[in-house]
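Data block for upload.cif (mmCIF, C-alpha atoms):
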data_run
loop_
_atom_site.label_atom_id
_atom_site.label_comp_id
_atom_site.auth_asym_id
_atom_site.auth_seq_id
_atom_site.Cartn_x
_atom_site.Cartn_y
_atom_site.Cartn_z
CA MET C 162 0.00 0.00 0.00
CA SER C 163 1.30 3.46 -0.91
CA ASP C 164 2.54 5.40 2.13
CA ASN C 165 0.87 8.64 1.09
CA LYS C 166 -2.45 7.05 0.15
CA GLU C 167 -3.03 4.72 3.07
CA ILE C 168 -6.65 3.72 3.42
CA LYS C 169 -7.85 4.45 6.94
CA THR C 170 -10.16 1.90 8.52
CA LYS C 171 -11.56 3.76 11.53
CA SER C 172 -15.05 2.61 12.45
CA SER C 173 -16.45 6.11 11.88
CA LYS C 174 -15.62 5.95 8.18
CA VAL C 175 -17.48 4.29 5.32
CA GLN C 176 -14.75 2.26 3.64
CA SER C 177 -16.12 2.42 0.11
CA VAL C 178 -16.48 6.20 0.26
CA ASP C 179 -13.01 6.52 1.78
CA ARG C 180 -11.55 4.42 -1.03
CA ALA C 181 -13.43 6.28 -3.77
CA LEU C 182 -12.18 9.66 -2.52
CA ALA C 183 -8.64 8.27 -2.30
CA LEU C 184 -8.94 7.25 -5.96
CA VAL C 185 -9.97 10.78 -6.90
CA ASP C 186 -6.92 12.16 -5.07
CA ILE C 187 -4.61 9.70 -6.83
CA ILE C 188 -5.99 10.54 -10.27
CA ALA C 189 -5.86 14.28 -9.50
CA ALA C 190 -2.12 14.01 -8.82
CA SER C 191 -1.47 12.72 -12.35
CA GLU C 192 -1.29 15.12 -15.29
CA ASP C 193 -1.74 12.50 -18.01
CA GLY C 194 -4.17 10.11 -16.36
CA LEU C 195 -3.52 6.64 -14.96
CA SER C 196 -4.22 3.07 -16.04
CA LEU C 197 -6.21 0.65 -13.92
CA ALA C 198 -3.00 -1.18 -13.03
CA GLN C 199 -1.26 2.02 -11.94
CA ILE C 200 -4.16 3.08 -9.75
CA SER C 201 -4.41 -0.39 -8.24
CA THR C 202 -0.71 -0.35 -7.37
CA SER C 203 -0.85 3.17 -5.96
CA ILE C 204 -3.79 2.50 -3.65
CA GLY C 205 -2.82 -1.06 -2.79
CA LEU C 206 -6.11 -2.69 -3.69
CA PRO C 207 -6.99 -5.50 -6.17
CA LYS C 208 -7.80 -4.46 -9.72
CA SER C 209 -11.31 -5.89 -9.40
CA THR C 210 -12.06 -3.68 -6.39
CA VAL C 211 -10.56 -0.60 -8.03
CA PHE C 212 -12.44 -1.26 -11.26
CA GLY C 213 -15.77 -1.35 -9.41
CA LEU C 214 -15.05 1.94 -7.67
CA LEU C 215 -13.88 3.59 -10.88
CA SER C 216 -16.96 2.37 -12.76
CA THR C 217 -19.23 3.98 -10.19
CA LEU C 218 -17.27 7.24 -10.25
CA ARG C 219 -17.38 7.19 -14.05
CA ASP C 220 -21.16 6.67 -14.05
CA TYR C 221 -21.50 9.87 -12.02
CA ASN C 222 -18.92 11.73 -14.17
CA TYR C 223 -16.44 12.15 -11.31
CA VAL C 224 -13.85 10.39 -13.47
CA GLN C 225 -13.64 9.78 -17.19
CA GLN C 226 -11.83 7.12 -19.20
CA SER C 227 -9.93 7.78 -22.40
CA PRO C 228 -11.32 5.79 -25.34
CA GLU C 229 -7.83 5.69 -26.86
CA ASP C 230 -5.67 4.22 -24.08
CA GLY C 231 -8.15 3.49 -21.27
CA ARG C 232 -6.48 5.85 -18.80
CA TYR C 233 -8.58 7.48 -16.10
CA GLN C 234 -8.73 11.25 -15.54
CA LEU C 235 -10.90 13.56 -13.46
CA GLY C 236 -14.40 14.03 -14.84
CA ILE C 237 -16.49 17.05 -15.73
CA LYS C 238 -18.61 16.73 -12.59
CA LEU C 239 -15.69 17.86 -10.41
CA PHE C 240 -15.24 20.92 -12.61
CA GLU C 241 -18.94 21.72 -12.27
CA LEU C 242 -18.80 21.37 -8.50
CA GLY C 243 -15.64 23.46 -8.32
CA THR C 244 -17.31 26.20 -10.31
CA GLN C 245 -20.32 26.10 -8.01
CA VAL C 246 -18.09 26.39 -4.93
CA ALA C 247 -16.25 29.32 -6.51
CA ARG C 248 -19.57 31.13 -7.00
CA THR C 249 -20.43 30.79 -3.33
CA TRP C 250 -17.08 32.17 -2.19
CA ASP C 251 -18.15 35.80 -2.46
CA ILE C 252 -16.10 36.33 0.70
CA ARG C 253 -13.13 37.23 -1.53
CA ASP C 254 -15.12 39.96 -3.28
CA ALA C 255 -16.35 41.28 0.06
CA ALA C 256 -12.84 41.28 1.53
CA LYS C 257 -10.82 42.74 -1.34
CA PRO C 258 -11.75 46.42 -0.81
CA VAL C 259 -10.80 46.13 2.86
CA LEU C 260 -7.55 44.31 2.07
CA ARG C 261 -6.59 46.95 -0.50
CA ARG C 262 -7.33 49.73 1.97
CA LEU C 263 -5.14 48.08 4.61
CA ILE C 264 -2.29 47.71 2.13
CA ASN C 265 -2.59 51.35 1.08
CA GLU C 266 -2.55 52.49 4.69
CA PHE C 267 0.17 50.27 6.12
CA SER C 268 2.13 48.88 3.13
CA GLU C 269 2.24 45.40 4.65
CA THR C 270 1.09 41.98 3.42
CA VAL C 271 -2.56 41.14 4.07
CA HIS C 272 -4.29 37.76 4.09
CA LEU C 273 -7.77 36.28 4.10
CA GLY C 274 -8.04 32.76 5.50
CA ALA C 275 -10.35 30.03 6.74
CA GLU C 276 -9.97 26.84 8.73
CA ASP C 277 -9.82 23.67 6.67
CA ASN C 278 -9.40 20.32 8.44
CA GLY C 279 -7.32 21.75 11.25
CA GLU C 280 -5.15 24.06 9.14
CA VAL C 281 -5.33 27.63 7.85
CA LEU C 282 -6.32 27.74 4.19
CA TYR C 283 -5.17 30.98 2.56
CA ILE C 284 -7.97 32.25 0.33
CA GLU C 285 -6.50 35.63 -0.62
CA LYS C 286 -3.15 37.38 -0.30
CA MET C 287 -2.09 40.87 -1.31
CA SER C 288 1.43 42.23 -0.91
CA PRO C 289 3.18 45.54 -1.50
CA GLU C 290 6.76 45.72 -2.68
CA SER C 291 8.69 44.28 0.25
CA ILE C 292 12.05 42.77 1.07
CA VAL C 293 10.40 40.41 3.55
CA SER C 294 9.43 37.01 2.15
CA ILE C 295 6.36 35.57 3.86
CA VAL C 296 5.71 31.84 3.53
CA SER C 297 2.12 32.02 2.30
CA GLU C 298 0.33 31.77 -1.01
CA VAL C 299 -3.31 31.47 -1.99
CA GLY C 300 -4.37 27.84 -1.72
CA ILE C 301 -1.68 26.65 0.66
CA ARG C 302 -2.22 25.60 4.24
CA LEU C 303 -0.26 26.56 7.35
CA PRO C 304 -0.53 25.49 11.00
CA MET C 305 -3.16 27.15 13.19
CA HIS C 306 -1.43 27.21 16.57
CA CYS C 307 1.43 29.49 15.50
CA SER C 308 -0.25 31.90 13.05
CA ALA C 309 -2.42 34.89 13.90
CA LEU C 310 -5.07 33.78 11.42
CA GLY C 311 -5.05 30.28 12.86
CA LYS C 312 -5.25 31.39 16.47
CA VAL C 313 -8.13 33.77 15.87
CA LEU C 314 -9.98 30.94 14.11
CA LEU C 315 -9.13 28.48 16.90
CA ALA C 316 -10.50 30.95 19.44
CA SER C 317 -13.99 30.30 18.07
CA LYS C 318 -13.73 26.53 18.51
CA SER C 319 -15.09 24.47 21.38
CA LYS C 320 -12.65 22.77 23.71
CA SER C 321 -13.46 19.38 22.19
CA GLU C 322 -12.88 20.70 18.66
CA LEU C 323 -9.60 22.27 19.74
CA LYS C 324 -8.53 18.95 21.22
CA ARG C 325 -9.45 17.18 17.98
CA ILE C 326 -7.40 19.59 15.89
CA ILE C 327 -4.39 19.27 18.19
CA GLY C 328 -4.70 15.49 18.01
CA LEU C 329 -4.80 15.69 14.24
CA ARG C 330 -2.08 18.27 13.64
CA GLY C 331 -0.06 18.41 16.85
CA LEU C 332 1.72 21.53 18.11
CA PRO C 333 5.08 21.47 16.33
CA ALA C 334 7.64 24.20 17.03
CA PHE C 335 8.71 26.48 14.18
CA THR C 336 10.64 29.03 16.24
CA HIS C 337 11.60 29.33 19.89
CA LYS C 338 8.43 31.39 20.40
CA THR C 339 5.98 28.78 19.08
CA ILE C 340 3.32 27.63 21.54
CA THR C 341 3.78 23.87 21.97
CA THR C 342 1.44 22.95 24.85
CA GLN C 343 -2.34 22.78 24.89
CA ALA C 344 -2.56 24.55 28.25
CA LYS C 345 -0.62 27.56 27.04
CA LEU C 346 -2.58 27.67 23.79
CA GLU C 347 -5.91 27.54 25.63
CA LYS C 348 -4.80 30.41 27.87
CA GLU C 349 -3.94 32.55 24.85
CA LEU C 350 -7.21 31.70 23.11
CA VAL C 351 -9.12 33.02 26.13
CA GLN C 352 -7.27 36.32 25.77
CA ILE C 353 -7.95 36.40 22.03
CA ARG C 354 -11.69 35.97 22.61
CA GLU C 355 -11.67 38.80 25.16
CA GLN C 356 -9.69 41.29 23.06
CA GLY C 357 -11.09 40.38 19.64
CA TYR C 358 -7.82 39.86 17.79
CA ALA C 359 -4.77 37.58 17.72
CA ILE C 360 -1.05 38.23 17.34
CA ASP C 361 1.63 35.90 16.00
CA ASP C 362 4.85 37.23 17.50
CA GLY C 363 7.55 35.47 15.48
CA GLU C 364 5.93 32.11 16.20
CA ILE C 365 6.00 30.68 12.68
CA MET C 366 8.74 32.84 11.14
CA GLU C 367 11.51 34.68 12.96
CA ASN C 368 11.22 38.48 13.07
CA LEU C 369 7.69 38.45 11.62
CA ARG C 370 4.67 39.80 13.46
CA CYS C 371 1.09 39.21 12.33
CA VAL C 372 -2.21 40.59 13.60
CA ALA C 373 -5.55 38.93 12.75
CA ALA C 374 -9.22 39.61 13.43
CA PRO C 375 -12.28 37.35 12.99
CA ILE C 376 -14.92 37.65 10.29
CA LYS C 377 -18.34 36.50 11.52
CA ASP C 378 -21.59 35.59 9.81
CA SER C 379 -25.05 36.85 10.74
CA TYR C 380 -25.21 34.30 13.57
CA GLY C 381 -21.96 35.54 15.11
CA ILE C 382 -20.02 32.45 14.02
CA THR C 383 -16.42 32.99 12.94
CA LYS C 384 -16.06 31.72 9.38
CA TYR C 385 -12.98 33.56 8.15
CA ALA C 386 -10.27 35.92 9.36
CA ILE C 387 -8.02 38.63 7.93
CA SER C 388 -4.48 39.48 8.94
CA ILE C 389 -1.65 41.95 8.42
CA SER C 390 1.93 40.65 8.47
CA GLY C 391 5.18 42.59 8.58
CA PRO C 392 8.66 42.82 10.09
CA LEU C 393 8.84 43.13 13.87
CA ARG C 394 10.78 46.37 13.46
CA ASP C 395 7.75 47.95 11.73
CA MET C 396 4.99 46.39 13.80
CA HIS C 397 5.24 47.97 17.25
CA GLY C 398 4.19 50.94 19.36
CA LYS C 399 1.58 53.35 18.05
CA ARG C 400 1.73 51.85 14.57
CA LEU C 401 0.86 48.40 15.93
CA GLU C 402 -2.03 49.92 17.87
CA ASN C 403 -3.32 51.51 14.66
CA ILE C 404 -2.97 48.22 12.78
CA ILE C 405 -4.93 46.36 15.45
CA SER C 406 -7.67 48.98 15.39
CA GLU C 407 -7.95 49.08 11.61
CA ILE C 408 -7.90 45.32 11.08
CA GLN C 409 -10.71 44.94 13.61
CA LYS C 410 -12.71 47.62 11.80
CA GLY C 411 -12.00 45.91 8.49
CA ALA C 412 -13.09 42.50 9.80
CA GLU C 413 -16.31 44.02 11.13
CA GLU C 414 -16.95 45.66 7.76
CA ILE C 415 -16.51 42.35 5.92
CA SER C 416 -18.68 40.57 8.50
CA HIS C 417 -21.46 43.09 7.92
CA SER C 418 -21.09 42.71 4.15
CA ILE C 419 -21.39 38.91 4.06
CA ALA C 420 -24.14 38.87 6.68
CA ASN C 421 -26.27 41.11 4.45
CA ALA C 422 -25.27 39.60 1.11
CA ARG C 423 -28.27 37.25 1.01
CA PRO C 424 -31.81 37.55 2.32
#
How does this structure look as C-alpha cells?
Amino acid sequence: MSDNKEIKTKSSKVQSVDRALALVDIIAASEDGLSLAQISTSIGLPKSTVFGLLSTLRDYNYVQQSPEDGRYQLGIKLFELGTQVARTWDIRDAAKPVLRRLINEFSETVHLGAEDNGEVLYIEKMSPESIVSIVSEVGIRLPMHCSALGKVLLASKSKSELKRIIGLRGLPAFTHKTITTQAKLEKELVQIREQGYAIDDGEIMENLRCVAAPIKDSYGITKYAISISGPLRDMHGKRLENIISEIQKGAEEISHSIANARP
C-alpha cells in the first residue's frame, strides 16, 4: 500500500467512500491520467475492487476514461462542483476592498483565510513591494497554533474541537516562540476571545509579526479571518495599535457585508 495514500479503517468511516475519494486524489495528482493497473498499485487494492469503484465514479462523471488508451482522468462533474463552490465564495469579493485599503494604509502583506481540516487555508493574499518574504500563497495551508489567522480561528472553537485539531495536527515548534502545549494555547485563546484579535509574534517565522481579526456571519459564528503581516521592526508601538484597530474595523466591515449579502 502506498505510504501517502493509506486507506484508513476507523469505524467512523465508510470504507467504500473513503476508497473512492482516495482514488480521486490519486488521479488528480497525475497530469496524463492513470491506467487501472497504476491506480491499483498506488492505492494497494486489487484491480477488481478498483475497477468497481472507478466504474461507479465514471457513471456519475467524477472520473472519465480515455477511449484511446483506457487511462482514467478527473471528470467534468468535479469541474462543475468546483465552479459552483467558486460562486459561493463571495467572501473574496467582500474582503478585497478592505484588504486593499489596509495595504494602502500600512504597506504590509494582508491575508484572508479560513480553517480547513485543522489548518489555515489561505484564500487571498495581497502584498506591497517588500524585502520580507512571507511563507504564504493562496491555496496553501499553514498550522493554526502558531499563526495569527489560525489562532483567531481556533479561538472560536469548542474545547473538544480544539482537542481534535491538536490530536490531528499536533503543536510542532517552528521558532523558539511557538506555543507547543495545549494549556498555554488555551490560555492565549481566552485572551484572544476577550480582546477580539490575535497576534503571532515570530511564532511561525523569525522576526515576523502578524495581527488577525475574525470575520463572523449573521449568527456571530467565525467563518474567516483577515491578517496583516510585517517585520517586527515595523509592527510595534503606536503603529501596531493603529494596525490592530484598523484590522478589527476591516473585519467588522466584511462581517457586515457577508451577513447582508443574502436575504
Please produce, as CSV, a per-residue contact table for stretch 250-365 of chain C versus stretch 380-399 of chain C (criterion: any atom at most 10 Å away, only C-alpha atoms considered), showing the nearest atom pair and its distance in Å to one decimal, sorted by chain then residue number.
residue,atom,partner,partner_atom,distance
C:Ile252,CA,C:Tyr385,CA,8.5
C:Ala256,CA,C:Ile387,CA,8.4
C:Val259,CA,C:Ile387,CA,9.5
C:Leu260,CA,C:Ile387,CA,8.2
C:Leu263,CA,C:Ile389,CA,8.0
C:Ile264,CA,C:Ile389,CA,8.6
C:Phe267,CA,C:Ile389,CA,8.8
C:Ser268,CA,C:Gly391,CA,8.9
C:Glu269,CA,C:Gly391,CA,5.7
C:Thr270,CA,C:Ser390,CA,5.3
C:Val271,CA,C:Ile389,CA,4.5
C:His272,CA,C:Ser388,CA,5.1
C:Leu273,CA,C:Ile387,CA,4.5
C:Gly274,CA,C:Ala386,CA,5.5
C:Ala275,CA,C:Tyr385,CA,4.6
C:Glu276,CA,C:Tyr385,CA,7.4
C:Val281,CA,C:Tyr385,CA,9.7
C:Leu282,CA,C:Tyr385,CA,9.7
C:Tyr283,CA,C:Ile387,CA,9.8
C:Ile284,CA,C:Tyr385,CA,9.4
C:Glu285,CA,C:Ile387,CA,9.2
C:Lys286,CA,C:Ser388,CA,9.6
C:Met287,CA,C:Ile389,CA,9.8
C:Ser288,CA,C:Ser390,CA,9.5
C:Ser291,CA,C:Gly391,CA,9.2
C:Ile292,CA,C:Pro392,CA,9.6
C:Val293,CA,C:Pro392,CA,7.2
C:Ser294,CA,C:Gly391,CA,9.5
C:Ile295,CA,C:Ser390,CA,8.2
C:Ser308,CA,C:Ser388,CA,9.6
C:Ala309,CA,C:Ser388,CA,7.1
C:Leu310,CA,C:Ala386,CA,6.0
C:Gly311,CA,C:Ala386,CA,8.4
C:Lys312,CA,C:Ala386,CA,9.8
C:Val313,CA,C:Ala386,CA,7.2
C:Leu314,CA,C:Thr383,CA,6.9
C:Leu315,CA,C:Thr383,CA,9.4
C:Ala316,CA,C:Thr383,CA,9.0
C:Ser317,CA,C:Thr383,CA,6.3
C:Lys318,CA,C:Thr383,CA,8.9
C:Tyr358,CA,C:Ser388,CA,9.5
C:Ala359,CA,C:Ser388,CA,9.0
C:Ile360,CA,C:Ser388,CA,9.2
C:Asp361,CA,C:Ser390,CA,8.9
C:Asp362,CA,C:Leu393,CA,8.0
C:Gly363,CA,C:Leu393,CA,7.9
- Task: Evaluate the PyMOL selection byres ((chain C and resi 236-239) around 8) here and jot the selected residues down as JSON, numbers by chain.
- Result: {"C": [219, 221, 222, 223, 224, 225, 234, 235, 240, 241, 242, 243]}
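Nearest residue to C:Glu402, choosing from C:Ser416, C:Val372, C:Asp254, C:Ala183 and counting only C-alpha atoms: C:Val372.
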- Task: Kindly resolve the PyMOL selection byres ((chain C and resi 200) around 10) on the present coordinates and return the residues as a list in words.
- Result: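 Applied to this file, the PyMOL selection byres ((chain C and resi 200) around 10) returns Leu184, Ile187, Ile188, Gly194, Leu195, Ser196, Leu197, Ala198, Gln199, Ser201, Thr202, Ser203, Ile204, Gly205, Leu206, Pro207, Lys208, Val211, Phe212, Leu215, Arg232 and Tyr233 of chain C.
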- Rank nothing, just name the residue among C:Asp251, C:Gln356, C:Asn403, C:Pro289 nearest to C:Asn265, using only C-alpha atoms.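 Counting only C-alpha atoms, the residue closest to C:Asn265 is C:Pro289.
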Set the distance at 12 Å and use only C-alpha atoms: which residues neighbour C:Ser418 once local chain neighbours fewer than 5 positions away are removed? I'd like the list as a JSON list (two decimals) with C-alpha atoms, in the frame of the given file.
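Wrote around.json, looks like this:
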[["chain", "number", "residue", "atom", "x", "y", "z"],
["C", 251, "ASP", "CA", -18.15, 35.80, -2.46],
["C", 252, "ILE", "CA", -16.10, 36.33, 0.70],
["C", 253, "ARG", "CA", -13.13, 37.23, -1.53],
["C", 254, "ASP", "CA", -15.12, 39.96, -3.28],
["C", 255, "ALA", "CA", -16.35, 41.28, 0.06],
["C", 256, "ALA", "CA", -12.84, 41.28, 1.53],
["C", 257, "LYS", "CA", -10.82, 42.74, -1.34],
["C", 258, "PRO", "CA", -11.75, 46.42, -0.81],
["C", 259, "VAL", "CA", -10.80, 46.13, 2.86],
["C", 376, "ILE", "CA", -14.92, 37.65, 10.29],
["C", 377, "LYS", "CA", -18.34, 36.50, 11.52],
["C", 378, "ASP", "CA", -21.59, 35.59, 9.81],
["C", 379, "SER", "CA", -25.05, 36.85, 10.74],
["C", 411, "GLY", "CA", -12.00, 45.91, 8.49],
["C", 412, "ALA", "CA", -13.09, 42.50, 9.80],
["C", 413, "GLU", "CA", -16.31, 44.02, 11.13],
["C", 423, "ARG", "CA", -28.27, 37.25, 1.01]]
- Item | Interatomic distance, atom CA of C:Leu218 to atom CA of C:Val178 (Å, one decimal) |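 So the answer is 10.6 Å.
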- Item | Å distance separating atom CA of C:Ala374 from atom CA of C:Ile408, one decimal place | 6.3 Å
- Task: Select, from C:His306, C:Lys410, C:Arg400, C:Arg261, the residue with the minimum atom-to-atom distance to C:Ile326, counting only C-alpha atoms.
- Result: C:His306
- Selected residue, from C:Ala344, C:Gly331, C:Lys338, C:Arg262, that lies nearest to C:Asn368 when counting all atoms listed in the file: C:Lys338
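The two atoms in question, atom CA of C:Glu322 and atom CA of C:Asp179, are spaced 22.0 Å apart.
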- Give as a PyMOL selection string the set of residues within 8 Å of the point (-2.0, 20.4, 21.6), where distances use the file's coordinates and all atoms listed in the file. chain C and resi 324+326-328+331-332+341-344+346
Mind writing the picked residues with C-alpha atoms as a CSV table (one decimal), in the coordinates of the input?
chain,number,residue,atom,x,y,z
C,324,LYS,CA,-8.5,19.0,21.2
C,326,ILE,CA,-7.4,19.6,15.9
C,327,ILE,CA,-4.4,19.3,18.2
C,328,GLY,CA,-4.7,15.5,18.0
C,331,GLY,CA,-0.1,18.4,16.8
C,332,LEU,CA,1.7,21.5,18.1
C,341,THR,CA,3.8,23.9,22.0
C,342,THR,CA,1.4,23.0,24.8
C,343,GLN,CA,-2.3,22.8,24.9
C,344,ALA,CA,-2.6,24.6,28.2
C,346,LEU,CA,-2.6,27.7,23.8
For stretch 218-241 of chain C of the block above, can you save N, CA and C atoms as a PDB file, in the first residue's frame?
ATOM      1  N   LEU C 218     -17.660   5.839 -10.098  1.00  0.00           N
ATOM      2  CA  LEU C 218     -17.266   7.241 -10.252  1.00  0.00           C
ATOM      3  C   LEU C 218     -17.462   7.715 -11.688  1.00  0.00           C
ATOM      4  N   ARG C 219     -17.211   6.828 -12.633  1.00  0.00           N
ATOM      5  CA  ARG C 219     -17.382   7.188 -14.050  1.00  0.00           C
ATOM      6  C   ARG C 219     -18.857   7.385 -14.382  1.00  0.00           C
ATOM      7  N   ASP C 220     -19.718   6.541 -13.808  1.00  0.00           N
ATOM      8  CA  ASP C 220     -21.156   6.668 -14.055  1.00  0.00           C
ATOM      9  C   ASP C 220     -21.692   8.024 -13.601  1.00  0.00           C
ATOM     10  N   TYR C 221     -21.078   8.578 -12.545  1.00  0.00           N
ATOM     11  CA  TYR C 221     -21.502   9.875 -12.018  1.00  0.00           C
ATOM     12  C   TYR C 221     -20.631  11.023 -12.529  1.00  0.00           C
ATOM     13  N   ASN C 222     -19.775  10.729 -13.499  1.00  0.00           N
ATOM     14  CA  ASN C 222     -18.920  11.727 -14.165  1.00  0.00           C
ATOM     15  C   ASN C 222     -17.873  12.369 -13.243  1.00  0.00           C
ATOM     16  N   TYR C 223     -17.523  11.660 -12.157  1.00  0.00           N
ATOM     17  CA  TYR C 223     -16.437  12.154 -11.314  1.00  0.00           C
ATOM     18  C   TYR C 223     -15.068  11.767 -11.890  1.00  0.00           C
ATOM     19  N   VAL C 224     -15.040  10.724 -12.694  1.00  0.00           N
ATOM     20  CA  VAL C 224     -13.853  10.387 -13.469  1.00  0.00           C
ATOM     21  C   VAL C 224     -14.297  10.070 -14.892  1.00  0.00           C
ATOM     22  N   GLN C 225     -13.364  10.147 -15.803  1.00  0.00           N
ATOM     23  CA  GLN C 225     -13.636   9.777 -17.185  1.00  0.00           C
ATOM     24  C   GLN C 225     -12.505   8.887 -17.683  1.00  0.00           C
ATOM     25  N   GLN C 226     -12.807   8.065 -18.676  1.00  0.00           N
ATOM     26  CA  GLN C 226     -11.826   7.120 -19.204  1.00  0.00           C
ATOM     27  C   GLN C 226     -11.572   7.411 -20.674  1.00  0.00           C
ATOM     28  N   SER C 227     -10.307   7.501 -21.014  1.00  0.00           N
ATOM     29  CA  SER C 227      -9.929   7.785 -22.397  1.00  0.00           C
ATOM     30  C   SER C 227     -10.301   6.610 -23.299  1.00  0.00           C
ATOM     31  N   PRO C 228     -10.991   6.879 -24.408  1.00  0.00           N
ATOM     32  CA  PRO C 228     -11.323   5.792 -25.341  1.00  0.00           C
ATOM     33  C   PRO C 228     -10.090   5.291 -26.104  1.00  0.00           C
ATOM     34  N   GLU C 229      -9.030   6.082 -26.127  1.00  0.00           N
ATOM     35  CA  GLU C 229      -7.826   5.687 -26.859  1.00  0.00           C
ATOM     36  C   GLU C 229      -6.954   4.705 -26.072  1.00  0.00           C
ATOM     37  N   ASP C 230      -6.598   5.068 -24.836  1.00  0.00           N
ATOM     38  CA  ASP C 230      -5.672   4.221 -24.077  1.00  0.00           C
ATOM     39  C   ASP C 230      -6.245   3.690 -22.764  1.00  0.00           C
ATOM     40  N   GLY C 231      -7.515   4.030 -22.466  1.00  0.00           N
ATOM     41  CA  GLY C 231      -8.150   3.492 -21.274  1.00  0.00           C
ATOM     42  C   GLY C 231      -7.735   4.133 -19.968  1.00  0.00           C
ATOM     43  N   ARG C 232      -6.932   5.194 -20.027  1.00  0.00           N
ATOM     44  CA  ARG C 232      -6.482   5.847 -18.802  1.00  0.00           C
ATOM     45  C   ARG C 232      -7.625   6.641 -18.164  1.00  0.00           C
ATOM     46  N   TYR C 233      -7.551   6.753 -16.850  1.00  0.00           N
ATOM     47  CA  TYR C 233      -8.579   7.478 -16.098  1.00  0.00           C
ATOM     48  C   TYR C 233      -8.088   8.882 -15.748  1.00  0.00           C
ATOM     49  N   GLN C 234      -8.991   9.856 -15.915  1.00  0.00           N
ATOM     50  CA  GLN C 234      -8.727  11.246 -15.538  1.00  0.00           C
ATOM     51  C   GLN C 234      -9.936  11.783 -14.772  1.00  0.00           C
ATOM     52  N   LEU C 235      -9.764  12.953 -14.158  1.00  0.00           N
ATOM     53  CA  LEU C 235     -10.897  13.564 -13.460  1.00  0.00           C
ATOM     54  C   LEU C 235     -12.009  13.909 -14.437  1.00  0.00           C
ATOM     55  N   GLY C 236     -13.257  13.796 -13.983  1.00  0.00           N
ATOM     56  CA  GLY C 236     -14.400  14.031 -14.845  1.00  0.00           C
ATOM     57  C   GLY C 236     -14.967  15.434 -14.745  1.00  0.00           C
ATOM     58  N   ILE C 237     -15.895  15.725 -15.624  1.00  0.00           N
ATOM     59  CA  ILE C 237     -16.486  17.048 -15.733  1.00  0.00           C
ATOM     60  C   ILE C 237     -17.288  17.426 -14.496  1.00  0.00           C
ATOM     61  N   LYS C 238     -17.797  16.433 -13.765  1.00  0.00           N
ATOM     62  CA  LYS C 238     -18.608  16.725 -12.589  1.00  0.00           C
ATOM     63  C   LYS C 238     -17.805  17.495 -11.540  1.00  0.00           C
ATOM     64  N   LEU C 239     -16.527  17.157 -11.388  1.00  0.00           N
ATOM     65  CA  LEU C 239     -15.693  17.859 -10.414  1.00  0.00           C
ATOM     66  C   LEU C 239     -15.476  19.308 -10.826  1.00  0.00           C
ATOM     67  N   PHE C 240     -15.361  19.538 -12.127  1.00  0.00           N
ATOM     68  CA  PHE C 240     -15.244  20.919 -12.613  1.00  0.00           C
ATOM     69  C   PHE C 240     -16.517  21.694 -12.303  1.00  0.00           C
ATOM     70  N   GLU C 241     -17.658  21.063 -12.538  1.00  0.00           N
ATOM     71  CA  GLU C 241     -18.935  21.718 -12.271  1.00  0.00           C
ATOM     72  C   GLU C 241     -19.079  22.058 -10.792  1.00  0.00           C
TER      73      GLU C 241
END
